[in-house]
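Student: Below are the structure tokens for one structure; questions will follow.
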Amino acid sequence: MRLTKFTDLALRAVMRLAVREQDGPLTTQEVAEAMGVPATHMAKAVTRLQHLGVVEARRGRGGGLALTGLGRHASVGWLVRELEGEDEVVACEGDQPCPLRGACRLRRALRDAQEAFYATLDPLTVADLVGSPTGPVLLGLATRRPD
């Protein structure tokens, strides 16, 4: 199973925000710089995370991004499912449907494997992901705000 770059980016953003809370909010630009990605890509991920209720964005002085309670305690399996969508691992339907789709055992096996992948992530929370040694590394990615 391979995650989309979008899901990977969103997960890294959530992890970065999880270790920053005690020092105040970060901007989308700061998170993007810390992760080494374009701010436009990060903004799209942050928007999706806001719609899921995982991240709160405040405008103005003292504003920025912060994890919600849901964001800190969300199951990583749930979060990945929401970010990845309901698509199956293989595309059996479409413009040129697979001729095996009516009697294929592979489709079911891959669907079961996909669910096993998510089930492995279900017990983990974002808070679990940022424990040592990951948390200190994430903090080391901090960008400095201009004085």
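Chain identifiers are assigned as A, B, and so on, following the order in which chains appear in the structure tokens; residues are numbered from 1 within each chain, and ligands are numbered from 1 in order of appearance.
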Applying 12 Å and only C-alpha atoms, which residues near A:Arg61 remain after dropping the ones on its own chain fewer than 6 positions away? List them as number ranges by chain.

Tutor: A: 24-27

Student: Could the residues in this selection be saved with N, CA, C and O atoms as a CSV table (one decimal), in the first residue's frame?

Tutor:
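Wrote selection_2.csv, looks like this:
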chain,number,residue,atom,x,y,z
A,24,GLY,N,3.0,28.1,20.9
A,24,GLY,CA,2.1,28.9,20.1
A,24,GLY,C,2.0,28.4,18.7
A,24,GLY,O,2.7,27.5,18.2
A,25,PRO,N,1.0,29.0,17.9
A,25,PRO,CA,0.7,28.4,16.6
A,25,PRO,C,1.8,28.7,15.6
A,25,PRO,O,2.6,29.7,15.7
A,26,LEU,N,1.8,27.9,14.5
A,26,LEU,CA,2.6,28.1,13.4
A,26,LEU,C,1.8,28.6,12.2
A,26,LEU,O,0.6,28.2,12.1
A,27,THR,N,2.4,29.3,11.3
A,27,THR,CA,1.7,29.6,10.0
A,27,THR,C,1.8,28.5,9.0
A,27,THR,O,2.7,27.6,9.2

Student: Can you check which residues of chain A DSSP gives as strand (DSSP E) on the backbone and send them as a list in words?

Tutor: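 Those in chain A that DSSP calls strand (DSSP E) are Val55, Glu56, Ala57, Arg58, Gly64, Leu65, Ala66 and Leu67 of chain A.
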
Student: Could you check which of A:Ala91, A:Leu129, A:Ala109, A:Leu70 is closest to A:Arg12, using only C-alpha atoms?

Tutor: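 Of all the options, A:Leu129 lies closest to A:Arg12.
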
Student: Using Å and a single decimal, report how far atom CA of A:Thr4 sits from atom CA of A:Gly71.

Tutor: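 Separation of atom CA of A:Gly71 and atom CA of A:Thr4: 19.8 Å.
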
Student: Might you pull out every residue within 12 Å of A:Ala103, with only C-alpha atoms counted and same-chain residues fewer than 5 positions away left off, and present them as a list in words?

Tutor: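 Result of the neighbour search: Cys92, Cys98 and Arg108 of chain A.
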
Student: Might you pull out every residue within 12 Å of A:Thr120, with only C-alpha atoms counted and same-chain residues fewer than 5 positions away left off, and present them as a PDB file with N, CA, C and O atoms, in the first residue's frame?

Tutor:
ATOM      1  N   SER A  75      -7.465   8.754  15.506  1.00  0.00           N
ATOM      2  CA  SER A  75      -6.813   7.534  15.055  1.00  0.00           C
ATOM      3  C   SER A  75      -6.105   7.823  13.735  1.00  0.00           C
ATOM      4  O   SER A  75      -6.666   8.443  12.830  1.00  0.00           O
ATOM      5  N   VAL A  76      -4.877   7.382  13.636  1.00  0.00           N
ATOM      6  CA  VAL A  76      -4.133   7.565  12.384  1.00  0.00           C
ATOM      7  C   VAL A  76      -4.818   6.783  11.262  1.00  0.00           C
ATOM      8  O   VAL A  76      -4.876   7.250  10.123  1.00  0.00           O
ATOM      9  N   GLY A  77      -5.369   5.626  11.580  1.00  0.00           N
ATOM     10  CA  GLY A  77      -6.110   4.861  10.572  1.00  0.00           C
ATOM     11  C   GLY A  77      -7.291   5.646  10.025  1.00  0.00           C
ATOM     12  O   GLY A  77      -7.513   5.691   8.811  1.00  0.00           O
ATOM     13  N   TRP A  78      -8.057   6.269  10.920  1.00  0.00           N
ATOM     14  CA  TRP A  78      -9.192   7.089  10.485  1.00  0.00           C
ATOM     15  C   TRP A  78      -8.711   8.244   9.608  1.00  0.00           C
ATOM     16  O   TRP A  78      -9.286   8.510   8.550  1.00  0.00           O
ATOM     17  N   VAL A  80      -5.947   8.560   7.824  1.00  0.00           N
ATOM     18  CA  VAL A  80      -5.468   8.107   6.514  1.00  0.00           C
ATOM     19  C   VAL A  80      -6.646   7.710   5.620  1.00  0.00           C
ATOM     20  O   VAL A  80      -6.670   8.046   4.436  1.00  0.00           O
ATOM     21  N   ALA A 113      -6.296  -6.689   2.210  1.00  0.00           N
ATOM     22  CA  ALA A 113      -4.966  -6.201   2.579  1.00  0.00           C
ATOM     23  C   ALA A 113      -5.005  -4.716   2.897  1.00  0.00           C
ATOM     24  O   ALA A 113      -4.361  -4.258   3.853  1.00  0.00           O
ATOM     25  N   GLN A 114      -5.771  -3.964   2.127  1.00  0.00           N
ATOM     26  CA  GLN A 114      -5.914  -2.529   2.373  1.00  0.00           C
ATOM     27  C   GLN A 114      -6.545  -2.295   3.745  1.00  0.00           C
ATOM     28  O   GLN A 114      -6.081  -1.453   4.518  1.00  0.00           O
ATOM     29  N   GLU A 115      -7.575  -3.042   4.064  1.00  0.00           N
ATOM     30  CA  GLU A 115      -8.225  -2.875   5.364  1.00  0.00           C
ATOM     31  C   GLU A 115      -7.299  -3.299   6.499  1.00  0.00           C
ATOM     32  O   GLU A 115      -7.289  -2.682   7.562  1.00  0.00           O
ATOM     33  N   THR A 125      -2.515   7.097  17.613  1.00  0.00           N
ATOM     34  CA  THR A 125      -3.023   8.465  17.542  1.00  0.00           C
ATOM     35  C   THR A 125      -1.890   9.384  17.101  1.00  0.00           C
ATOM     36  O   THR A 125      -0.718   8.985  17.111  1.00  0.00           O
TER      37      THR A 125
END

Student: Which residues, written as a JSON list (two decimals) with C-alpha atoms, in the first residue's frame, have at least one atom at most 9 Å from stretch 49-57 of chain A, with only C-alpha atoms counted and residues fewer than 6 positions away on the same chain left out?

Tutor:
[["chain", "number", "residue", "atom", "x", "y", "z"],
["A", 10, "ALA", "CA", -1.00, 16.18, 5.65],
["A", 14, "VAL", "CA", -0.31, 17.27, 11.76],
["A", 17, "LEU", "CA", 1.71, 20.95, 14.74],
["A", 25, "PRO", "CA", 0.68, 28.44, 16.61],
["A", 27, "THR", "CA", 1.66, 29.60, 10.04],
["A", 63, "GLY", "CA", -3.12, 33.58, 14.64],
["A", 64, "GLY", "CA", -1.88, 30.49, 12.95],
["A", 65, "LEU", "CA", -2.53, 26.78, 12.90],
["A", 66, "ALA", "CA", -3.31, 24.61, 15.89],
["A", 67, "LEU", "CA", -4.45, 21.04, 16.34],
["A", 68, "THR", "CA", -7.92, 20.52, 17.71],
["A", 69, "GLY", "CA", -8.66, 17.95, 20.40],
["A", 70, "LEU", "CA", -9.79, 15.64, 17.63],
["A", 71, "GLY", "CA", -6.52, 16.23, 15.81],
["A", 72, "ARG", "CA", -4.38, 15.25, 18.77],
["A", 74, "ALA", "CA", -7.56, 11.04, 16.18],
["A", 79, "LEU", "CA", -7.15, 10.06, 9.32],
["A", 82, "GLU", "CA", -10.29, 10.19, 5.24],
["A", 83, "LEU", "CA", -7.32, 11.61, 3.35]]

Student: List the neighbours of A:Asp112 out to 12 Å using only C-alpha atoms; skip same-chain residues closer than 6 positions along the sequence, and give me the result as a list of chain:residue names.

Tutor: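 Contacts, in chain order: A:Met1, A:Glu88, A:Val89, A:Arg105, A:Leu106, A:Tyr118, A:Ala119.
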
Student: Write out, as an mmCIF file, in the first residue's frame, the residues just selected, with N, CA and C atoms.

Tutor:
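Output (again.cif):
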data_model
loop_
_atom_site.group_PDB
_atom_site.id
_atom_site.type_symbol
_atom_site.label_atom_id
_atom_site.label_comp_id
_atom_site.auth_asym_id
_atom_site.auth_seq_id
_atom_site.Cartn_x
_atom_site.Cartn_y
_atom_site.Cartn_z
ATOM 1 N N MET A 1 0.866 -1.173 0.000
ATOM 2 C CA MET A 1 0.000 0.000 0.000
ATOM 3 C C MET A 1 0.904 1.224 0.000
ATOM 4 N N GLU A 88 -10.340 1.859 -4.237
ATOM 5 C CA GLU A 88 -9.716 0.556 -4.052
ATOM 6 C C GLU A 88 -8.289 0.594 -4.578
ATOM 7 N N VAL A 89 -7.504 -0.400 -4.194
ATOM 8 C CA VAL A 89 -6.115 -0.483 -4.611
ATOM 9 C C VAL A 89 -6.009 -0.660 -6.125
ATOM 10 N N ARG A 105 -10.431 -13.038 -7.756
ATOM 11 C CA ARG A 105 -10.120 -13.194 -6.339
ATOM 12 C C ARG A 105 -9.103 -12.159 -5.893
ATOM 13 N N LEU A 106 -8.356 -11.596 -6.842
ATOM 14 C CA LEU A 106 -7.337 -10.604 -6.512
ATOM 15 C C LEU A 106 -7.951 -9.354 -5.908
ATOM 16 N N TYR A 118 -5.007 -0.361 7.169
ATOM 17 C CA TYR A 118 -5.669 0.666 7.969
ATOM 18 C C TYR A 118 -5.857 0.202 9.409
ATOM 19 N N ALA A 119 -6.226 -1.069 9.590
ATOM 20 C CA ALA A 119 -6.455 -1.601 10.938
ATOM 21 C C ALA A 119 -5.183 -1.545 11.780
#

Student: Write out as a PyMOL selection string all residues of chain A that DSSP puts in alpha helix (DSSP H) for this structure's backbone.

Tutor: chain A and resi 5-20+28-35+39-51+69-73+76-84+106-121+126-129+134-140

Student: Keeping C-alpha atoms for every residue in the selection just given, could you write it to a file as a PDB file, in the first residue's frame?

Tutor:
ATOM      1  CA  LYS A   5       1.920  12.513  -1.509  1.00  0.00           C
ATOM      2  CA  PHE A   6      -1.030  14.595  -0.298  1.00  0.00           C
ATOM      3  CA  THR A   7      -1.735  12.208   2.599  1.00  0.00           C
ATOM      4  CA  ASP A   8       1.956  12.043   3.484  1.00  0.00           C
ATOM      5  CA  LEU A   9       2.148  15.839   3.535  1.00  0.00           C
ATOM      6  CA  ALA A  10      -0.998  16.178   5.648  1.00  0.00           C
ATOM      7  CA  LEU A  11       0.268  13.637   8.185  1.00  0.00           C
ATOM      8  CA  ARG A  12       3.624  15.402   8.467  1.00  0.00           C
ATOM      9  CA  ALA A  13       1.838  18.722   8.976  1.00  0.00           C
ATOM     10  CA  VAL A  14      -0.308  17.270  11.762  1.00  0.00           C
ATOM     11  CA  MET A  15       2.763  15.785  13.425  1.00  0.00           C
ATOM     12  CA  ARG A  16       4.620  19.096  13.191  1.00  0.00           C
ATOM     13  CA  LEU A  17       1.706  20.951  14.740  1.00  0.00           C
ATOM     14  CA  ALA A  18       1.406  18.365  17.507  1.00  0.00           C
ATOM     15  CA  VAL A  19       4.857  19.191  18.880  1.00  0.00           C
ATOM     16  CA  ARG A  20       4.538  22.957  18.498  1.00  0.00           C
ATOM     17  CA  THR A  28       1.086  27.481   6.969  1.00  0.00           C
ATOM     18  CA  GLN A  29       4.242  29.002   5.503  1.00  0.00           C
ATOM     19  CA  GLU A  30       6.297  27.984   8.550  1.00  0.00           C
ATOM     20  CA  VAL A  31       5.029  24.410   8.442  1.00  0.00           C
ATOM     21  CA  ALA A  32       5.745  24.250   4.708  1.00  0.00           C
ATOM     22  CA  GLU A  33       9.293  25.542   5.214  1.00  0.00           C
ATOM     23  CA  ALA A  34       9.945  23.081   8.038  1.00  0.00           C
ATOM     24  CA  MET A  35       8.765  20.208   5.842  1.00  0.00           C
ATOM     25  CA  ALA A  39       3.436  26.629   0.703  1.00  0.00           C
ATOM     26  CA  THR A  40       0.696  26.097  -1.907  1.00  0.00           C
ATOM     27  CA  HIS A  41       0.826  22.329  -1.381  1.00  0.00           C
ATOM     28  CA  MET A  42       0.776  22.755   2.385  1.00  0.00           C
ATOM     29  CA  ALA A  43      -2.178  25.159   2.145  1.00  0.00           C
ATOM     30  CA  LYS A  44      -4.222  22.505   0.311  1.00  0.00           C
ATOM     31  CA  ALA A  45      -3.396  19.906   2.950  1.00  0.00           C
ATOM     32  CA  VAL A  46      -4.229  22.324   5.779  1.00  0.00           C
ATOM     33  CA  THR A  47      -7.569  23.163   4.153  1.00  0.00           C
ATOM     34  CA  ARG A  48      -8.482  19.468   4.019  1.00  0.00           C
ATOM     35  CA  LEU A  49      -7.392  18.994   7.634  1.00  0.00           C
ATOM     36  CA  GLN A  50      -9.593  21.934   8.630  1.00  0.00           C
ATOM     37  CA  HIS A  51     -12.594  20.353   6.894  1.00  0.00           C
ATOM     38  CA  GLY A  69      -8.656  17.949  20.402  1.00  0.00           C
ATOM     39  CA  LEU A  70      -9.793  15.638  17.625  1.00  0.00           C
ATOM     40  CA  GLY A  71      -6.519  16.234  15.812  1.00  0.00           C
ATOM     41  CA  ARG A  72      -4.383  15.246  18.770  1.00  0.00           C
ATOM     42  CA  HIS A  73      -6.374  12.131  19.628  1.00  0.00           C
ATOM     43  CA  VAL A  76      -4.133   7.565  12.384  1.00  0.00           C
ATOM     44  CA  GLY A  77      -6.110   4.861  10.572  1.00  0.00           C
ATOM     45  CA  TRP A  78      -9.192   7.089  10.485  1.00  0.00           C
ATOM     46  CA  LEU A  79      -7.153  10.063   9.318  1.00  0.00           C
ATOM     47  CA  VAL A  80      -5.468   8.107   6.514  1.00  0.00           C
ATOM     48  CA  ARG A  81      -8.827   6.683   5.381  1.00  0.00           C
ATOM     49  CA  GLU A  82     -10.288  10.190   5.235  1.00  0.00           C
ATOM     50  CA  LEU A  83      -7.318  11.613   3.348  1.00  0.00           C
ATOM     51  CA  GLU A  84      -6.970   8.713   0.918  1.00  0.00           C
ATOM     52  CA  LEU A 106      -7.337 -10.604  -6.512  1.00  0.00           C
ATOM     53  CA  ARG A 107      -9.703  -7.660  -5.992  1.00  0.00           C
ATOM     54  CA  ARG A 108     -11.039  -9.109  -2.731  1.00  0.00           C
ATOM     55  CA  ALA A 109      -7.553 -10.041  -1.501  1.00  0.00           C
ATOM     56  CA  LEU A 110      -6.276  -6.523  -2.160  1.00  0.00           C
ATOM     57  CA  ARG A 111      -9.303  -4.981  -0.438  1.00  0.00           C
ATOM     58  CA  ASP A 112      -8.642  -7.191   2.609  1.00  0.00           C
ATOM     59  CA  ALA A 113      -4.966  -6.201   2.579  1.00  0.00           C
ATOM     60  CA  GLN A 114      -5.914  -2.529   2.373  1.00  0.00           C
ATOM     61  CA  GLU A 115      -8.225  -2.875   5.364  1.00  0.00           C
ATOM     62  CA  ALA A 116      -5.504  -4.731   7.297  1.00  0.00           C
ATOM     63  CA  PHE A 117      -3.156  -1.827   6.559  1.00  0.00           C
ATOM     64  CA  TYR A 118      -5.669   0.666   7.969  1.00  0.00           C
ATOM     65  CA  ALA A 119      -6.455  -1.601  10.938  1.00  0.00           C
ATOM     66  CA  THR A 120      -2.765  -1.569  11.868  1.00  0.00           C
ATOM     67  CA  LEU A 121      -2.919   2.234  12.030  1.00  0.00           C
ATOM     68  CA  VAL A 126      -1.231  11.584  16.385  1.00  0.00           C
ATOM     69  CA  ALA A 127       0.063  11.974  19.942  1.00  0.00           C
ATOM     70  CA  ASP A 128       1.608   8.486  19.670  1.00  0.00           C
ATOM     71  CA  LEU A 129       3.405   9.460  16.463  1.00  0.00           C
ATOM     72  CA  THR A 134      10.221  11.711  16.488  1.00  0.00           C
ATOM     73  CA  GLY A 135       9.114  14.711  18.574  1.00  0.00           C
ATOM     74  CA  PRO A 136      12.590  16.145  19.162  1.00  0.00           C
ATOM     75  CA  VAL A 137      13.414  15.765  15.466  1.00  0.00           C
ATOM     76  CA  LEU A 138      10.220  17.604  14.535  1.00  0.00           C
ATOM     77  CA  LEU A 139      11.104  20.382  16.955  1.00  0.00           C
ATOM     78  CA  GLY A 140      14.498  20.631  15.303  1.00  0.00           C
TER      79      GLY A 140
END
